[in-house]
>>> print(open('final_9.txt').read())   # compact mmCIF, C-alpha atoms
# COMPACT_ATOMS: atom_id res chain seq x y z
CA MET T 1 -14.18 141.99 183.78
CA LYS T 2 -14.31 143.39 187.28
CA GLU T 3 -15.86 140.31 188.86
CA ASN T 4 -13.58 140.38 191.88
CA ALA T 5 -15.36 143.47 193.10
CA VAL T 6 -18.97 142.40 192.61
CA PRO T 7 -20.88 142.52 195.89
CA GLU T 8 -22.82 139.43 196.99
CA ALA T 9 -26.10 141.39 196.97
CA VAL T 10 -25.65 142.25 193.29
CA ILE T 11 -25.04 138.60 192.42
CA LYS T 12 -28.16 137.59 194.30
CA ARG T 13 -30.19 139.99 192.17
CA LEU T 14 -28.85 138.82 188.78
CA PRO T 15 -31.14 135.76 188.41
CA ARG T 16 -34.09 138.09 188.87
CA TYR T 17 -32.85 140.31 186.04
CA TYR T 18 -32.37 137.23 183.92
CA ARG T 19 -35.86 135.93 184.59
CA TYR T 20 -37.60 139.22 183.78
CA LEU T 21 -35.50 139.81 180.67
CA ASP T 22 -36.47 136.32 179.52
CA GLU T 23 -40.16 137.23 179.96
CA LEU T 24 -39.66 140.44 177.94
CA LEU T 25 -38.02 138.47 175.13
CA GLN T 26 -40.91 136.04 175.10
CA LYS T 27 -43.19 139.03 174.58
CA ASN T 28 -40.92 140.23 171.72
CA ILE T 29 -39.90 143.32 173.65
CA ASN T 30 -36.37 144.12 172.55
CA ARG T 31 -35.72 147.50 174.05
CA ILE T 32 -36.58 148.84 177.49
CA SER T 33 -35.97 152.12 179.28
CA SER T 34 -34.27 151.98 182.66
CA GLY T 35 -37.48 153.42 184.12
CA LYS T 36 -39.66 150.60 182.77
CA LEU T 37 -37.11 147.98 183.77
CA SER T 38 -37.09 149.46 187.26
CA GLU T 39 -40.90 149.26 187.47
CA LEU T 40 -40.85 145.64 186.35
CA LEU T 41 -38.11 144.45 188.69
CA GLY T 42 -39.02 146.54 191.70
CA PHE T 43 -35.46 147.93 191.91
CA THR T 44 -34.82 151.69 191.55
CA ALA T 45 -33.37 152.90 188.24
CA SER T 46 -30.22 154.02 190.04
CA GLN T 47 -29.92 150.58 191.67
CA ILE T 48 -30.12 148.98 188.23
CA ARG T 49 -27.45 151.31 186.84
CA GLN T 50 -25.20 150.56 189.82
CA ASP T 51 -25.76 146.81 189.55
CA LEU T 52 -25.00 146.66 185.85
CA ASN T 53 -22.02 149.01 186.20
CA CYS T 54 -20.35 146.25 188.25
CA PHE T 55 -20.04 144.40 184.94
CA GLY T 56 -19.19 147.42 182.80
CA GLY T 57 -22.73 148.80 182.32
CA PHE T 58 -24.81 147.88 179.28
CA GLY T 59 -27.23 150.79 178.92
CA GLN T 60 -27.06 153.57 176.38
CA GLN T 61 -28.01 157.15 177.23
CA GLY T 62 -31.37 157.99 175.63
CA TYR T 63 -31.90 154.44 174.38
CA GLY T 64 -32.23 152.34 177.48
CA TYR T 65 -31.32 148.67 177.35
CA ASN T 66 -31.24 146.19 174.50
CA VAL T 67 -33.12 143.31 176.13
CA GLU T 68 -31.54 140.46 174.20
CA MET T 69 -28.00 141.76 174.66
CA LEU T 70 -28.54 142.32 178.37
CA TYR T 71 -30.13 138.87 178.72
CA LYS T 72 -27.17 137.21 177.03
CA LYS T 73 -24.58 139.21 178.98
CA ILE T 74 -26.19 138.41 182.32
CA GLY T 75 -26.51 134.78 181.27
CA ALA T 76 -22.80 134.72 180.51
CA ILE T 77 -21.94 136.36 183.85
CA LEU T 78 -24.02 133.68 185.58
CA GLY T 79 -22.15 130.99 183.65
CA LEU T 80 -25.30 129.77 181.89
CA ASP T 81 -23.38 129.45 178.61
CA CYS T 82 -20.84 127.07 180.16
CA GLY T 83 -22.98 123.98 179.56
CA TYR T 84 -22.62 122.76 183.13
CA LYS T 85 -23.44 119.11 183.73
CA ALA T 86 -25.18 118.14 186.94
CA ILE T 87 -25.82 114.93 188.84
CA ILE T 88 -28.47 114.35 191.48
CA ILE T 89 -27.61 112.33 194.58
CA GLY T 90 -30.77 110.96 196.16
CA ALA T 91 -33.73 109.85 194.03
CA GLY T 92 -36.54 110.51 196.49
CA TYR T 93 -39.43 112.86 195.69
CA LEU T 94 -37.21 115.94 195.77
CA GLY T 95 -34.60 114.28 193.54
CA HIS T 96 -37.45 113.34 191.20
CA ALA T 97 -38.75 116.89 191.18
CA LEU T 98 -35.30 118.25 190.28
CA ALA T 99 -34.76 115.59 187.59
CA CYS T 100 -38.11 116.41 185.97
CA TYR T 101 -37.88 120.20 186.13
CA GLY T 102 -37.51 121.50 182.58
CA GLY T 103 -36.45 124.98 183.66
CA PHE T 104 -32.84 123.94 184.37
CA LYS T 105 -32.29 122.75 180.81
CA LYS T 106 -33.66 126.03 179.51
CA ARG T 107 -30.99 127.80 181.56
CA GLY T 108 -28.20 125.72 180.09
CA PHE T 109 -27.82 123.00 182.73
CA SER T 110 -28.10 119.34 181.87
CA VAL T 111 -28.78 116.63 184.42
CA ILE T 112 -26.70 113.67 183.29
CA GLY T 113 -27.19 111.21 186.14
CA ILE T 114 -29.18 110.41 189.26
CA PHE T 115 -27.97 108.13 192.04
CA ASP T 116 -29.37 106.36 195.07
CA ILE T 117 -28.39 103.59 197.48
CA ASN T 118 -31.87 102.07 197.68
CA SER T 119 -31.98 98.89 195.61
CA GLU T 120 -35.74 99.32 195.09
CA ILE T 121 -35.17 102.64 193.34
CA ILE T 122 -31.97 101.79 191.43
CA GLY T 123 -32.83 100.93 187.83
CA THR T 124 -36.14 102.83 187.78
CA GLU T 125 -36.60 105.53 185.17
CA ILE T 126 -37.12 109.22 185.79
CA GLY T 127 -37.77 111.12 182.58
CA ASP T 128 -34.91 110.09 180.30
CA LEU T 129 -32.63 109.10 183.19
CA THR T 130 -32.24 105.75 184.93
CA VAL T 131 -31.43 105.77 188.64
CA SER T 132 -27.88 104.47 189.11
CA ASP T 133 -26.29 102.76 192.08
CA TYR T 134 -24.40 105.30 194.20
CA SER T 135 -21.62 102.75 194.58
CA ASP T 136 -20.81 103.36 190.89
CA ILE T 137 -20.38 107.11 191.40
CA ASP T 138 -16.57 107.16 191.14
CA SER T 139 -16.34 105.66 187.68
CA PHE T 140 -19.24 107.84 186.51
CA ILE T 141 -17.46 111.00 187.67
CA ASP T 142 -14.17 109.89 186.12
CA GLU T 143 -15.87 109.30 182.81
CA LYS T 144 -18.46 112.08 182.59
CA ARG T 145 -16.85 114.87 184.65
CA PRO T 146 -20.01 116.47 186.05
CA ASP T 147 -19.63 120.05 187.30
CA ILE T 148 -22.44 120.25 189.83
CA ALA T 149 -23.87 117.78 192.36
CA MET T 150 -27.39 118.30 193.67
CA LEU T 151 -27.68 116.69 197.10
CA THR T 152 -31.10 115.48 198.20
CA VAL T 153 -29.91 113.04 200.84
CA PRO T 154 -30.60 112.74 204.58
CA LYS T 155 -28.69 115.25 206.69
CA THR T 156 -26.74 112.52 208.48
CA ALA T 157 -25.24 111.37 205.16
CA ALA T 158 -24.76 114.75 203.53
CA ASN T 159 -21.32 115.74 204.74
CA ASP T 160 -19.61 112.43 203.99
CA ILE T 161 -21.11 112.37 200.49
CA ALA T 162 -20.16 116.01 199.90
CA VAL T 163 -16.56 115.38 200.99
CA HIS T 164 -16.35 112.33 198.74
CA LEU T 165 -17.73 114.14 195.69
CA THR T 166 -15.45 117.12 196.12
CA ASP T 167 -12.44 114.81 196.61
CA LYS T 168 -13.41 113.38 193.24
CA GLY T 169 -13.21 116.84 191.71
CA ILE T 170 -16.75 118.23 191.80
CA LYS T 171 -16.49 121.94 192.56
CA ALA T 172 -20.11 122.96 193.04
CA LEU T 173 -22.71 121.54 195.41
CA TRP T 174 -26.37 122.43 195.51
CA ASN T 175 -27.24 121.20 198.96
CA PHE T 176 -30.84 120.45 199.97
CA ALA T 177 -29.84 118.42 203.03
CA TYR T 178 -30.61 120.23 206.26
CA ALA T 179 -26.98 120.46 207.32
CA ASP T 180 -24.12 122.87 206.78
CA LEU T 181 -21.29 121.19 204.90
CA SER T 182 -17.65 121.48 205.91
CA LEU T 183 -15.74 121.73 202.65
CA PRO T 184 -12.58 123.34 201.25
CA ASP T 185 -12.77 127.01 200.18
CA ASP T 186 -12.43 126.14 196.52
CA VAL T 187 -15.82 124.43 196.48
CA ALA T 188 -18.92 126.51 195.78
CA VAL T 189 -21.87 125.52 197.97
CA GLU T 190 -25.39 126.84 197.71
CA ASN T 191 -27.70 125.65 200.48
CA VAL T 192 -31.45 125.35 200.08
CA HIS T 193 -32.62 124.92 203.66
CA LEU T 194 -36.36 124.60 203.17
CA SER T 195 -37.14 124.41 206.88
CA ASP T 196 -35.34 127.72 207.42
CA SER T 197 -37.44 129.29 204.70
CA LEU T 198 -40.67 127.98 206.25
CA MET T 199 -39.57 129.29 209.66
CA ASN T 200 -38.99 132.73 208.13
CA LEU T 201 -42.50 132.65 206.75
CA SER T 202 -43.82 131.58 210.13
CA TYR T 203 -42.00 134.48 211.79
CA ARG T 204 -43.54 136.99 209.42
CA LEU T 205 -47.03 135.55 209.82
CA THR T 206 -46.66 135.66 213.60
CA ASP T 207 -45.21 139.16 213.52
CA MET T 208 -48.10 140.40 211.35
CA LYS T 209 -50.65 138.87 213.69
CA THR T 210 -48.96 140.41 216.73
CA LYS T 211 -48.92 143.82 215.10
CA GLY T 212 -52.54 143.43 213.93
CA GLU T 213 -53.62 142.63 217.46
CA THR T 214 -51.77 145.57 219.02
CA LYS T 215 -53.11 148.11 216.49
CA MET U 1 -41.40 142.46 222.77
CA LYS U 2 -39.52 144.83 220.48
CA GLU U 3 -40.32 142.96 217.27
CA ASN U 4 -41.04 146.09 215.25
CA ALA U 5 -37.37 146.94 215.30
CA VAL U 6 -35.89 143.57 214.37
CA PRO U 7 -33.80 143.84 211.20
CA GLU U 8 -34.51 141.41 208.35
CA ALA U 9 -30.96 140.02 208.55
CA VAL U 10 -31.47 139.00 212.18
CA ILE U 11 -34.71 137.20 211.32
CA LYS U 12 -32.96 135.34 208.54
CA ARG U 13 -30.39 134.07 211.04
CA LEU U 14 -32.88 132.84 213.65
CA PRO U 15 -33.69 129.48 211.98
CA ARG U 16 -29.98 128.75 212.02
CA TYR U 17 -29.82 129.39 215.77
CA TYR U 18 -32.83 127.18 216.20
CA ARG U 19 -31.32 124.32 214.21
CA TYR U 20 -28.00 124.34 216.08
CA LEU U 21 -29.65 124.67 219.47
CA ASP U 22 -31.80 121.66 218.55
CA GLU U 23 -28.63 119.68 217.77
CA LEU U 24 -27.11 120.68 221.12
CA LEU U 25 -30.24 119.53 222.94
CA GLN U 26 -30.10 116.21 221.15
CA LYS U 27 -26.56 115.83 222.47
CA ASN U 28 -27.83 116.69 225.98
CA ILE U 29 -25.84 119.91 226.07
CA ASN U 30 -27.84 122.30 228.21
CA ARG U 31 -25.48 125.18 228.67
CA ILE U 32 -23.17 126.89 226.22
CA SER U 33 -20.81 129.85 226.39
CA SER U 34 -21.25 132.62 223.85
CA GLY U 35 -17.77 131.73 222.56
CA LYS U 36 -18.69 128.09 221.88
CA LEU U 37 -22.00 129.09 220.35
CA SER U 38 -20.16 131.52 218.11
CA GLU U 39 -17.77 128.78 216.97
CA LEU U 40 -20.66 126.46 216.21
CA LEU U 41 -22.77 128.95 214.29
CA GLY U 42 -20.00 130.79 212.51
CA PHE U 43 -21.26 134.14 213.82
CA THR U 44 -19.05 136.32 216.05
CA ALA U 45 -19.89 136.40 219.77
CA SER U 46 -20.73 140.09 219.50
CA GLN U 47 -23.03 139.36 216.56
CA ILE U 48 -24.85 136.77 218.66
CA ARG U 49 -25.23 139.20 221.56
CA GLN U 50 -26.58 141.86 219.21
CA ASP U 51 -28.98 139.44 217.52
CA LEU U 52 -30.41 138.14 220.76
CA ASN U 53 -30.60 141.63 222.26
CA CYS U 54 -33.21 142.43 219.61
CA PHE U 55 -35.51 140.15 221.59
CA GLY U 56 -34.36 141.23 225.04
CA GLY U 57 -31.15 139.17 225.32
CA PHE U 58 -31.16 135.74 226.96
CA GLY U 59 -27.59 135.29 228.08
CA GLN U 60 -26.26 135.58 231.58
CA GLN U 61 -22.87 137.10 232.36
CA GLY U 62 -20.43 134.36 233.36
CA TYR U 63 -22.90 131.58 232.61
CA GLY U 64 -23.52 131.76 228.88
CA TYR U 65 -26.76 130.51 227.47
CA ASN U 66 -29.24 127.98 228.72
CA VAL U 67 -29.72 125.95 225.55
CA GLU U 68 -33.26 124.74 226.18
CA MET U 69 -34.52 128.15 227.21
CA LEU U 70 -32.93 129.83 224.22
CA TYR U 71 -34.30 127.11 221.91
CA LYS U 72 -37.82 127.60 223.24
CA LYS U 73 -37.63 131.39 223.13
CA ILE U 74 -36.39 131.44 219.55
CA GLY U 75 -39.02 128.89 218.62
CA ALA U 76 -41.68 131.16 220.10
CA ILE U 77 -40.32 134.19 218.26
CA LEU U 78 -40.49 132.18 215.02
CA GLY U 79 -44.09 131.25 215.81
CA LEU U 80 -43.30 127.54 216.00
CA ASP U 81 -45.54 127.20 219.06
CA CYS U 82 -48.57 128.56 217.19
CA GLY U 83 -49.53 125.18 215.74
CA TYR U 84 -49.82 126.53 212.21
CA LYS U 85 -51.78 124.40 209.76
CA ALA U 86 -50.60 124.20 206.18
CA ILE U 87 -52.08 123.03 202.89
CA ILE U 88 -50.16 122.09 199.76
CA ILE U 89 -51.48 123.18 196.36
CA GLY U 90 -50.02 120.98 193.63
CA ALA U 91 -49.36 117.26 194.24
CA GLY U 92 -46.47 116.77 191.82
CA TYR U 93 -43.07 115.48 192.96
CA LEU U 94 -42.30 118.66 194.88
CA GLY U 95 -45.72 118.64 196.56
CA HIS U 96 -45.05 114.99 197.45
CA ALA U 97 -41.65 115.84 198.87
CA LEU U 98 -43.13 118.56 201.08
CA ALA U 99 -46.01 116.33 202.21
CA CYS U 100 -43.61 113.57 203.21
CA TYR U 101 -41.00 115.71 204.93
CA GLY U 102 -41.11 114.94 208.64
CA GLY U 103 -39.06 117.97 209.61
CA PHE U 104 -41.99 120.37 209.35
CA LYS U 105 -44.02 118.47 211.92
CA LYS U 106 -41.07 118.51 214.27
CA ARG U 107 -41.06 122.30 214.00
CA GLY U 108 -44.73 122.56 214.91
CA PHE U 109 -46.32 122.73 211.46
CA SER U 110 -48.98 120.27 210.37
CA VAL U 111 -49.89 119.65 206.76
CA ILE U 112 -53.66 119.10 206.79
CA GLY U 113 -54.46 118.86 203.09
CA ILE U 114 -53.01 118.53 199.60
CA PHE U 115 -54.84 119.59 196.43
CA ASP U 116 -54.50 119.14 192.70
CA ILE U 117 -56.59 119.61 189.55
CA ASN U 118 -55.34 116.43 187.86
CA SER U 119 -58.04 113.74 188.07
CA GLU U 120 -55.38 111.01 187.86
CA ILE U 121 -53.76 112.26 191.06
CA ILE U 122 -56.90 113.23 193.00
CA GLY U 123 -57.78 110.45 195.44
CA THR U 124 -54.26 109.01 195.64
CA GLU U 125 -52.60 108.78 199.04
CA ILE U 126 -49.47 110.56 200.15
CA GLY U 127 -48.40 109.51 203.64
CA ASP U 128 -51.55 109.95 205.74
CA LEU U 129 -53.09 112.48 203.33
CA THR U 130 -55.36 111.90 200.35
CA VAL U 131 -55.03 114.27 197.40
CA SER U 132 -58.19 116.39 197.19
CA ASP U 133 -59.78 118.11 194.22
CA TYR U 134 -58.72 121.75 194.07
CA SER U 135 -62.29 122.66 193.17
CA ASP U 136 -63.22 121.78 196.78
CA ILE U 137 -60.69 124.22 198.22
CA ASP U 138 -63.19 126.87 199.36
CA SER U 139 -65.22 124.62 201.62
CA PHE U 140 -62.02 123.08 202.99
CA ILE U 141 -60.64 126.49 203.92
CA ASP U 142 -63.95 127.58 205.47
CA GLU U 143 -64.01 124.46 207.60
CA LYS U 144 -60.36 123.88 208.52
CA ARG U 145 -58.94 127.43 208.45
CA PRO U 146 -55.39 126.63 207.32
CA ASP U 147 -52.79 129.31 208.05
CA ILE U 148 -50.22 128.62 205.36
CA ALA U 149 -50.49 127.54 201.72
CA MET U 150 -47.51 125.90 200.04
CA LEU U 151 -47.71 126.53 196.29
CA THR U 152 -46.07 123.99 194.01
CA VAL U 153 -48.01 124.88 190.87
CA PRO U 154 -46.92 126.03 187.39
CA LYS U 155 -45.88 129.67 187.24
CA THR U 156 -48.72 130.55 184.87
CA ALA U 157 -51.29 129.47 187.46
CA ALA U 158 -49.54 130.72 190.59
CA ASN U 159 -50.79 134.29 190.84
CA ASP U 160 -54.48 133.49 190.28
CA ILE U 161 -54.33 130.72 192.87
CA ALA U 162 -52.47 132.94 195.32
CA VAL U 163 -55.04 135.72 194.93
CA HIS U 164 -57.88 133.27 195.43
CA LEU U 165 -56.37 131.72 198.55
CA THR U 166 -55.62 135.08 200.15
CA ASP U 167 -59.14 136.31 199.31
CA LYS U 168 -60.30 133.27 201.25
CA GLY U 169 -58.29 134.44 204.25
CA ILE U 170 -54.96 132.63 204.04
CA LYS U 171 -52.28 135.04 205.23
CA ALA U 172 -49.06 133.18 204.47
CA LEU U 173 -47.84 131.73 201.19
CA TRP U 174 -44.78 129.59 200.68
CA ASN U 175 -44.30 130.00 196.97
CA PHE U 176 -42.26 127.51 194.93
CA ALA U 177 -43.68 128.69 191.58
CA TYR U 178 -41.12 130.59 189.55
CA ALA U 179 -43.09 133.82 189.59
CA ASP U 180 -43.35 136.84 191.86
CA LEU U 181 -46.83 137.12 193.31
CA SER U 182 -48.80 140.37 193.43
CA LEU U 183 -50.61 140.30 196.74
CA PRO U 184 -51.84 142.71 199.43
CA ASP U 185 -49.33 143.92 202.02
CA ASP U 186 -51.01 141.99 204.81
CA VAL U 187 -50.02 138.65 203.25
CA ALA U 188 -46.65 137.13 204.13
CA VAL U 189 -44.94 135.57 201.12
CA GLU U 190 -41.74 133.56 201.15
CA ASN U 191 -40.45 132.65 197.71
CA VAL U 192 -38.30 129.60 197.04
CA HIS U 193 -37.04 130.26 193.53
CA LEU U 194 -34.92 127.17 192.93
CA SER U 195 -33.69 128.28 189.51
CA ASP U 196 -32.37 131.50 191.06
CA SER U 197 -30.48 129.49 193.64
CA LEU U 198 -28.95 127.24 190.95
CA MET U 199 -27.93 130.31 188.95
CA ASN U 200 -26.21 131.74 192.02
CA LEU U 201 -24.27 128.50 192.35
CA SER U 202 -23.40 128.63 188.66
CA TYR U 203 -22.13 132.19 189.06
CA ARG U 204 -19.87 131.20 191.92
CA LEU U 205 -18.52 128.17 190.11
CA THR U 206 -17.80 130.29 187.03
CA ASP U 207 -16.26 133.08 189.10
CA MET U 208 -13.98 130.57 190.89
CA LYS U 209 -12.87 129.09 187.58
CA THR U 210 -12.17 132.53 186.13
CA LYS U 211 -10.11 133.51 189.17
CA GLY U 212 -8.29 130.18 189.15
CA GLU U 213 -7.33 130.67 185.51
CA THR U 214 -6.08 134.23 186.03
CA LYS U 215 -3.93 133.35 189.05
>>> encode(input="final_9.txt", output="C-alpha cells")
Amino acid sequence: MKENAVPEAVIKRLPRYYRYLDELLQKNINRISSGKLSELLGFTASQIRQDLNCFGGFGQQGYGYNVEMLYKKIGAILGLDCGYKAIIIGAGYLGHALACYGGFKKRGFSVIGIFDINSEIIGTEIGDLTVSDYSDIDSFIDEKRPDIAMLTVPKTAANDIAVHLTDKGIKALWNFAYADLSLPDDVAVENVHLSDSLMNLSYRLTDMKTKGETK
Amino acid sequence: MKENAVPEAVIKRLPRYYRYLDELLQKNINRISSGKLSELLGFTASQIRQDLNCFGGFGQQGYGYNVEMLYKKIGAILGLDCGYKAIIIGAGYLGHALACYGGFKKRGFSVIGIFDINSEIIGTEIGDLTVSDYSDIDSFIDEKRPDIAMLTVPKTAANDIAVHLTDKGIKALWNFAYADLSLPDDVAVENVHLSDSLMNLSYRLTDMKTKGETK
C-alpha cells in the first residue's frame, strides 16, 4: 500500500467512485471500460487511471474495470470494511436525521448510541436507539469503544465535548457544530459547516446574476 | 469588481473569513493586523493578502484590517446582503433541522416555505412555518419568487424535483439528496453529500491506524 503518498484531492474523489460503482452493481453491470466510467463520473479517463494508480491500479488493458472488485477495493481503502461504530452527541433534529439515515449502515457504519443533556429528550426513542444521558458517556465509551463521534451540538459546547471525547480515546470526529475544533494531530476531524456551504451557493448565485446583468 | 477571475479555492475560503470576522466583531475587536488574522484563520498572511486582492484588497499598510468593513465587504461578495429567500423541499428531520436553524437568518437568508408530499406532515408547524403540500409549489413560486431551494428529498426523486424547480425559475439549489443533479449551466448547485463526508473521515481514521501500526 502506498497510502502515505495519496493526495488529498484523490481521497476526496473516492466516495464518488464508490457511489457510482454501487449504482452499477445495482444495475448488474460487472465490467466497465475506463471510457464509460469516465463519462459516468465526469472525470477524464487519464484522471481515473492516475487516481487508481495511487492504490496500485485495478484496471486491465483491453478489459477495463471489474466493477465489483473495484467497489470492494475502494471500500476497503475507505475503511468501510472496518465495522466502525459511531455515537451521536446531540439529539436535536440533525441528530435525529443522522440516527435515522439508513445509508450509513449500508456503508458499514453502525450508530450504537445517541446522547443529549436535555432531560425532556433523554429516554425518547429514535429508530432502534434510546437517547441516553450525556453524563453517562464515559462508562458507555469504556464499555462499547465507539470509533467515531458525530457532533450535532451548539458551537459554544463543541470544543469542550470534542476534547473530552478524544481524551476518552475517540479518534474520529464528524463535526456539524459551526466551530473549528482544537484537537491533537492524531484525531481525524471532518467538519460539515452547513452555513459555509450555503454561503458558497449564495456567492455563485450572486456571481451568476452579476455576470448575467453585465452581458 | 474582478469576480470573473476569482479562483474556486478563494471562494471556498471566504465563508471562513466571514465567520471569524463575525466572532471578532462580537468581541468588539474592530481592527486586526494581517499577522493576527493569519494566526486566527490558519492561513498565511501572504495567502490572506492574495485572497483579498482578488476583490481589490482591503488592508492598509501599517494599520491592518478594519474588521467591520472587511466583514461587510466579504458579506456583500458572498451575496449575503441580497436578502435571498429560500424554500425547503422535504420536511423530514433534515428539513426540520434546516428550518429551525437560526444561523441562516443571521446571514441574511430567510426560509419562506417548506413543502412535502406526505399528508401526515402537511399542515404541521415547524417554527413559524407550516408545511405546505408540494403539489402547490408552482403557485407558491409564481407568487413569492424564492431564490434558493434546499432539497432534502430521497435521491430517487431529487433530479425530477430539481428540474421542475429550475424550470420554474429557481436558480440555486442546495442539494442534500445523495445524487448528482443534471441541470442547465445557469443553475448554481451546491451538493452536501453527507455520506461522502463520513467516508472521508473513515478513510482518515483508517489511514491513521495503518500508519500507527507500521510505526
>>> residues_around(input="final_9.txt", residues="range 129-137 of chain U", least_positions_apart="4", cutoff="12 Å", atoms="only C-alpha atoms", output="ChimeraX atom specification")
/U:87-92,95-96,98-100,110-125,141-146,149,153,161,164-165,168,170
>>> closest_atom_pairs(input="final_9.txt", of="chain T", to="chain U", cutoff="6 Å", atoms="all atoms listed in the file", output="CSV")
residue,atom,partner,partner_atom,distance
T:Pro15,CA,U:Asp196,CA,5.2
T:Leu78,CA,U:Tyr203,CA,4.2
T:Gly79,CA,U:Tyr203,CA,5.5
T:Tyr93,CA,U:Ala97,CA,4.9
T:Leu94,CA,U:Ala97,CA,5.4
T:Ala97,CA,U:Tyr93,CA,4.9
T:Ala188,CA,U:Leu205,CA,5.9
T:Glu190,CA,U:Leu201,CA,5.7
T:Asp196,CA,U:Pro15,CA,5.2
T:Leu201,CA,U:Glu190,CA,5.7
T:Ser202,CA,U:Gly79,CA,5.7
T:Tyr203,CA,U:Leu78,CA,4.2
T:Leu205,CA,U:Ala188,CA,5.9
T:Thr206,CA,U:Gly79,CA,5.6
>>> write_last_selection(input="final_9.txt", atoms="C-alpha atoms", output="short mmCIF file (atom, residue, chain, number, x, y, z; two decimals), keeping the file's coordinate frame")
data_model
loop_
_atom_site.label_atom_id
_atom_site.label_comp_id
_atom_site.auth_asym_id
_atom_site.auth_seq_id
_atom_site.Cartn_x
_atom_site.Cartn_y
_atom_site.Cartn_z
CA PRO T 15 -31.14 135.76 188.41
CA LEU T 78 -24.02 133.68 185.58
CA GLY T 79 -22.15 130.99 183.65
CA TYR T 93 -39.43 112.86 195.69
CA LEU T 94 -37.21 115.94 195.77
CA ALA T 97 -38.75 116.89 191.18
CA ALA T 188 -18.92 126.51 195.78
CA GLU T 190 -25.39 126.84 197.71
CA ASP T 196 -35.34 127.72 207.42
CA LEU T 201 -42.50 132.65 206.75
CA SER T 202 -43.82 131.58 210.13
CA TYR T 203 -42.00 134.48 211.79
CA LEU T 205 -47.03 135.55 209.82
CA THR T 206 -46.66 135.66 213.60
#
>>> atom_distance(input="final_9.txt", atom1="CA of Glu39 in chain T", atom2="CA of Tyr71 in chain T")
17.3 Å
>>> closest_residue(input="final_9.txt", among="T:Tyr65, T:Ala157, T:Ser182, T:Ala86", to="Leu40 in chain U", atoms="all atoms listed in the file")
T:Ser182
>>> atom_distance(input="final_9.txt", atom1="CA of Lys85 in chain U", atom2="CA of Glu68 in chain U")
24.8 Å
>>> closest_residue(input="final_9.txt", among="U:Ala9, U:Thr166, U:Phe140, U:Ala177", to="Pro154 in chain U", atoms="all atoms listed in the file")
U:Ala177
>>> atom_distance(input="final_9.txt", atom1="CA of Lys105 in chain T", atom2="CA of Lys72 in chain T")
15.8 Å
